[in-house]
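What follows is a set of notes on a single structure, which appears directly below.
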Amino acid sequence: MKSCWMKVILIGLLLLSFSIGQFIVAADKAVVSLWVYEPDSRNPLNNMLAAFEKETGYKVNITYIPKDGFNTKINTAVATGQAPDVSYLDQPLVPRFAVDGVILNLDPFTKGKNGIDKKKYYQGALNTNMIGGKLYGLPLNQTCVALYYNKDLVPNPPVTWDEWLDMAQKVYQKGKVAAMEVPPGGGWGAWLFPAFVAAAGGSMVNKNESKVTFDEQPGIDALKLWIEMRKYSNREVTDSANAFQNGFIATKISGPWELKGFRDNFPDLKFGVALIPKKGAKDPHASNIGGENLVVYKSSKNPQAAWTLIKYMTYSVKNALVCAEVTGNFPVLLEAAKDDRYQKDEALKVFLKQMETAQARPRITSWLKINDEVIGKALDQALAGQGAPEAVLKQAAQRANLIIKMDK
Amino acid sequence: MESSHLAYLNVKEIKPKKTGHNPLLNEKNREKLTGYLFIAPLIIYFLVFQVAPILMSLYYSLTVWDMRKSPVFVGIQNYASLLFDNLMYPNFWPSLWVTFKFILIAMPFSLIIPLLLALILNRKMKGQAFFRTAFYIPVVTPGVAVAAMWKWILDSMFGLVNIFIKNTPLVNVVIKPHSWLGEVGTALATLAVMAVWGGLGYNILIYLSGLKIIPGELYESAHVDGASGFQKFRYITLPMLKPTIFFLVITGFIGHFQVFDQMYLLTKGGPNDSTLSYVLSLYNHAFTYYEMGIACAMSYILLLIILIVTLLNFKFVPQKVDD
């Protein structure tokens with residue numbers, strides 16, 4: 001008989017532990033759940049949220065998730081009806097989530113006493129939240145890529161593609177020094193590619209984003225530059241771990257998130273940051289925008305509190321700086337970018353300047369798939385010598401246009 | 001305390017005959033019920049976490065579903081698109097081909113090398129236990145740690161492999177140091193080598209258990225008849241190992257068809273999709289592009305392929321000692 005009672009007690013405890021979590025949430029309605037990327041240190045965000053709780057009386061339930069698995073976790077949570085109230089969301093996912101009706105249109109909140117003045121944000125970053133003329137999130141941070149160069153190998157960074165190729169021939173030493181960390185194609189290469197297309201005076205898509213245009217001459221020229229650069233960049237060198245940091249690569253394209261690691265872990269590395277070289281004198285020093293937004297989910301029981309939170313995190317200079325800092329990217333508030341830490345740092349100043357000519361990804365619902373599976377694949381093929389740049393880009397454009405059509 | 005315990009465990013002994021009780025809970029039913037209760041946890045687990053997802057994914061494979069909106073039923077469209085729509089799903093056939101190539105490289109080695117090692121380890125020798133443990137370590141090491149280790153061994157400038165090639169006379173004439181995982185020509189073979197190495201310990205263990213059950217008399221009488229070492233291997237060991245080899249062939253095919261970890265951790269399918277295995281492509285469709293319907297259809301196609309291959313194995317690979 002005793003064991004029977006034990007069983008009842010055990011099962012009871014089990015059931016209780018399931019429901020306790022819900023009791024706590026139910027008891028206090030003003031709880032906002034927030035999902036963020038796991039940062040290097042949790043303190044800055046935790047401190048900011050503690051201040052938020054004190055000021056507003058709302059409670060924030062924060063969950064830290066490693067960046068690698070974040071998108072998968074969010075999608076699974078949405079599918080099972082467990083989405084948080086607020087989360088980070090990578091820019092290219094915002095259109096998909098908006099079209100699918102997963103995230104909340106925030107336009108009603110922007111007016112009135114608790115509203116915002118949209119002009120205070122960088123428009124490029126804010127626009128990644130605008131789908132069909134409606135606002136679906138607030139920008140959290142922004143980033144772009146620029147040219148890192150090794151000062152020992154390259155005293156003066158190249159300004160045009162011709163100068164870049166000249167430099168490549170000079171620094172190249174077979175198996176020892178590579179001219180450029182040529183992107184390997186795939187999703188990462190496809191993300192960098194638009195910067196080169198724009199630097200040749202072209203664009204990835206047409207004006208109303210209904211059709212891709214990367215197979216036109218600027219796209220072909222950009223790809224040919226990579227193929228040419230590959231001749232002076234052995235994989236044996238560029239594939240080695242930390243090859244740029246160890247001084248074996250002359251130039252590489254990357255973002256400001258690398259700065260801290262370079263400075264802290266490789267004190268001997270003398271590097272500089274410059275604008276990405278352009279094709280002709282008249283072309284722009286183009287780059288591409290990346291970053292995350294803060295969105296509110298439709299399933300949120302407390303959208304007003306959620307809005308208050310995302311406004312709190314992004315709309316004051318102090319907090320905008322914290323958000324930029326914990327994600328290793330730039331603030332999206334114009335005022336915050338004027339902060340000394342960006343104006344006085346040689347490298348960051350260049351990135352800020354590069355941001356002025358950086359372009360956001362096309363707001364096409366399946367852009368991620370087109371990026372990885374179509375453009376990335378085409379770059380891979382061309383770099384592996386399986387087909388001429390013209391041919392692979394043309395085929396890729398056909399596929400991309402087909403996918404865009406399927407979206408509609 | 002002790003007796004009540006006994007009563008619970010062994011109802012029969014304490015209460016031998018009690019008729020006129022609840023007929024549903026008579027002795028026999030009670031015994032049955034006890035049995036079912038014992039296996040209940042596993043059955044429930046199996047139903048909830050295996051059978052239910054299997055059936056659900058069959059349904060989802062007939063839908064278009066991005067996990068955010070509700071699924072839309074489209075019949076067999078996903079299957080048809082995967083097989084015939086080369087423009088929308090260009091990775092289907094190439095990824096299947098990559099997987100086939102991977103199996104072709106990995107399978108023979110993962111059958112032969114462990115056999116040789118097992119033969120050596122089966123002899124009475126010093127340090128036997130040490131070597132058996134050493135070969136088994138990769139099996140219990142987390143895949144991520146193994147991948148990180150290989151990444152360093154294969155580093156194109158500072159990796160042990162390239163340094164060895166560079167500094168060994170003769171070898172450095174035949175092979176040039178290069179980026180093993182970065183070149184289209186070697187990436188897949190390199191991953192196959194890693195897979196063979198990773199599976200060594202398990203296969204050796206299976207072979208050893210197969211070797212242990214071969215009766216010693218067979219060898220003794222062969223010895224008396226003047227059989228050489230090779231003859232003993234050819235006419236006794238190998239035939240007696242047929243069931244073991246058959247088991248390894250079947251499980252090897254099933255395992256290698258689903259190869260994923262190494263690619264996911266080390267190459268992400270690159271360079272130029274040369275290591276984009278079928279299951280990695282499936283994963284991309286499910287969790288990068290959120291095409292759950294397509295991913296489920298792919299898993300059912302894989303199930304079919306594995307089923308066919310297994311049936312072929314049953315037909316053509318000898319499985320009994322006297323076959």
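Letters for chains follow the order of the structure tokens (A, B, ...), residue numbers begin at 1 for each chain, and ligand numbers begin at 1 in the order shown.
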
Strand (DSSP E) positions in stretch 54-217 of chain B, given as a PyMOL selection string: chain B and resi 63-64+72-73

Exercise: A:Gly290 partners within 12 Å, only C-alpha atoms, chain neighbours under 2 positions left out, as a PyMOL selection string: chain A and resi 89-93+124-128+139-145+191-192+194-195+254-257+287-288+292-293+327+329-330+332+355+358-362

Selected residues, C-alpha atoms, written as an mmCIF file, in the first residue's frame, please.
data_model
loop_
_atom_site.group_PDB
_atom_site.id
_atom_site.type_symbol
_atom_site.label_atom_id
_atom_site.label_comp_id
_atom_site.auth_asym_id
_atom_site.auth_seq_id
_atom_site.Cartn_x
_atom_site.Cartn_y
_atom_site.Cartn_z
ATOM 1 C CA LEU A 89 14.907 38.795 -35.995
ATOM 2 C CA ASP A 90 17.474 38.709 -38.771
ATOM 3 C CA GLN A 91 16.598 41.321 -41.409
ATOM 4 C CA PRO A 92 15.796 38.958 -44.325
ATOM 5 C CA LEU A 93 13.329 36.993 -42.183
ATOM 6 C CA GLY A 124 18.263 52.023 -44.382
ATOM 7 C CA ALA A 125 17.938 49.993 -41.205
ATOM 8 C CA LEU A 126 14.384 51.138 -40.509
ATOM 9 C CA ASN A 127 13.357 50.215 -44.049
ATOM 10 C CA THR A 128 14.213 46.567 -43.467
ATOM 11 C CA PRO A 139 15.792 48.223 -35.990
ATOM 12 C CA LEU A 140 18.090 46.868 -33.273
ATOM 13 C CA ASN A 141 21.481 47.248 -34.880
ATOM 14 C CA GLN A 142 23.099 47.473 -38.261
ATOM 15 C CA THR A 143 26.294 46.386 -39.815
ATOM 16 C CA CYS A 144 28.070 46.445 -43.130
ATOM 17 C CA VAL A 145 31.266 45.066 -44.599
ATOM 18 C CA TRP A 191 25.759 37.860 -49.010
ATOM 19 C CA LEU A 192 28.990 39.698 -49.886
ATOM 20 C CA PRO A 194 25.891 42.546 -53.813
ATOM 21 C CA ALA A 195 28.575 44.910 -52.504
ATOM 22 C CA SER A 254 34.395 41.535 -43.428
ATOM 23 C CA GLY A 255 32.426 43.416 -40.824
ATOM 24 C CA PRO A 256 33.116 45.340 -37.604
ATOM 25 C CA TRP A 257 32.331 42.267 -35.487
ATOM 26 C CA SER A 287 28.614 47.720 -49.319
ATOM 27 C CA ASN A 288 25.659 45.806 -47.962
ATOM 28 C CA GLU A 292 18.758 42.506 -36.649
ATOM 29 C CA ASN A 293 15.391 43.984 -35.816
ATOM 30 C CA THR A 327 25.739 42.526 -30.750
ATOM 31 C CA ASN A 329 27.367 46.024 -34.566
ATOM 32 C CA PHE A 330 26.432 49.672 -35.018
ATOM 33 C CA VAL A 332 20.646 52.464 -35.600
ATOM 34 C CA MET A 355 27.441 52.410 -44.143
ATOM 35 C CA ALA A 358 25.470 50.320 -48.002
ATOM 36 C CA GLN A 359 22.314 48.771 -49.372
ATOM 37 C CA ALA A 360 19.765 46.537 -47.672
ATOM 38 C CA ARG A 361 18.892 43.101 -48.996
ATOM 39 C CA PRO A 362 15.939 42.932 -51.374
#

Where does chain B meet chain A within 7 Å, residue by residue, with the nearest atom pair and distance in Å to one decimal for each, counting only C-alpha atoms, listed by chain and rising number, as a tab-separated table?
residue	atom	partner	partner_atom	distance
B:Met67	CA	A:Ala79	CA	4.8
B:Arg68	CA	A:Ala79	CA	5.1
B:Lys69	CA	A:Asp100	CA	6.3
B:Leu87	CA	A:Arg399	CA	6.0
B:Met88	CA	A:Arg399	CA	7.0
B:Asp155	CA	A:Ser240	CA	5.4
B:Ser156	CA	A:Ser240	CA	4.9
B:Met157	CA	A:Ser240	CA	5.6
B:His178	CA	A:Glu236	CA	5.1
B:Ser179	CA	A:Glu236	CA	4.8
B:Gly182	CA	A:Asp239	CA	6.6
B:Asn272	CA	A:Asp380	CA	4.8
B:Phe287	CA	A:Thr72	CA	5.7
B:Tyr289	CA	A:Lys369	CA	5.9

Best match for closeness to B:Leu280 among B:Ala80, B:Gln50, B:Thr99, B:Ile301, counting only C-alpha atoms: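 Comparing B:Ala80, B:Gln50, B:Thr99, B:Ile301 against B:Leu280, the winner is B:Thr99.
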
Atom pair atom CA of A:Ala306 / atom CA of B:Asp66: separation (Å): 25.3 Å

Residue contacts of B:Phe314 (12 Å, only C-alpha atoms) excluding same-chain residues fewer than 6 positions away, as a PyMOL selection string: chain B and resi 243+246-247+249-250+307-308+320

Neighbour list for stretch 53-59 of chain B as a ChimeraX atom specification, cut-off 12 Å, only C-alpha atoms, skip fewer than 2 positions in-chain: /B:45-51,61-65,71-76,78-79,286,292-301,303

Any idea what's packed within 8 Å of A:Trp161, counting only C-alpha atoms, ignoring anything in its chain fewer than 4 positions away? Could you give it as a PDB file with N, CA and C atoms, in the first residue's frame?
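The resulting file, part-v5.pdb, is reproduced below:
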ATOM      1  N   LEU A 165      43.931  44.644 -58.277  1.00  0.00           N
ATOM      2  CA  LEU A 165      44.550  43.553 -59.032  1.00  0.00           C
ATOM      3  C   LEU A 165      46.073  43.743 -59.129  1.00  0.00           C
ATOM      4  N   LEU A 225      36.003  39.530 -61.254  1.00  0.00           N
ATOM      5  CA  LEU A 225      37.024  40.033 -60.326  1.00  0.00           C
ATOM      6  C   LEU A 225      37.401  38.952 -59.314  1.00  0.00           C
ATOM      7  N   PRO A 277      36.998  48.661 -52.575  1.00  0.00           N
ATOM      8  CA  PRO A 277      37.347  49.266 -53.867  1.00  0.00           C
ATOM      9  C   PRO A 277      36.176  49.224 -54.839  1.00  0.00           C
ATOM     10  N   LYS A 278      36.155  50.211 -55.745  1.00  0.00           N
ATOM     11  CA  LYS A 278      35.072  50.292 -56.730  1.00  0.00           C
ATOM     12  C   LYS A 278      35.647  50.059 -58.116  1.00  0.00           C
ATOM     13  N   LYS A 279      34.766  49.779 -59.061  1.00  0.00           N
ATOM     14  CA  LYS A 279      35.263  49.423 -60.390  1.00  0.00           C
ATOM     15  C   LYS A 279      35.830  50.647 -61.112  1.00  0.00           C
ATOM     16  N   GLY A 280      34.993  51.629 -61.374  1.00  0.00           N
ATOM     17  CA  GLY A 280      35.450  52.822 -62.073  1.00  0.00           C
ATOM     18  C   GLY A 280      35.437  54.015 -61.143  1.00  0.00           C
TER      19      GLY A 280
END

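Across the model, the gap from atom CA of B:Leu188 to atom CA of B:Ile105 is 8.9 Å.
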
Nearest-residue call for B:Ile214, choices B:Ser274, B:Thr133, B:Asn122, B:Thr186, using only C-alpha atoms: B:Asn122

Straight-line distance linking atom CA of A:Asn61 with atom CA of A:Leu106, stated in Å to one decimal: 21.3 Å
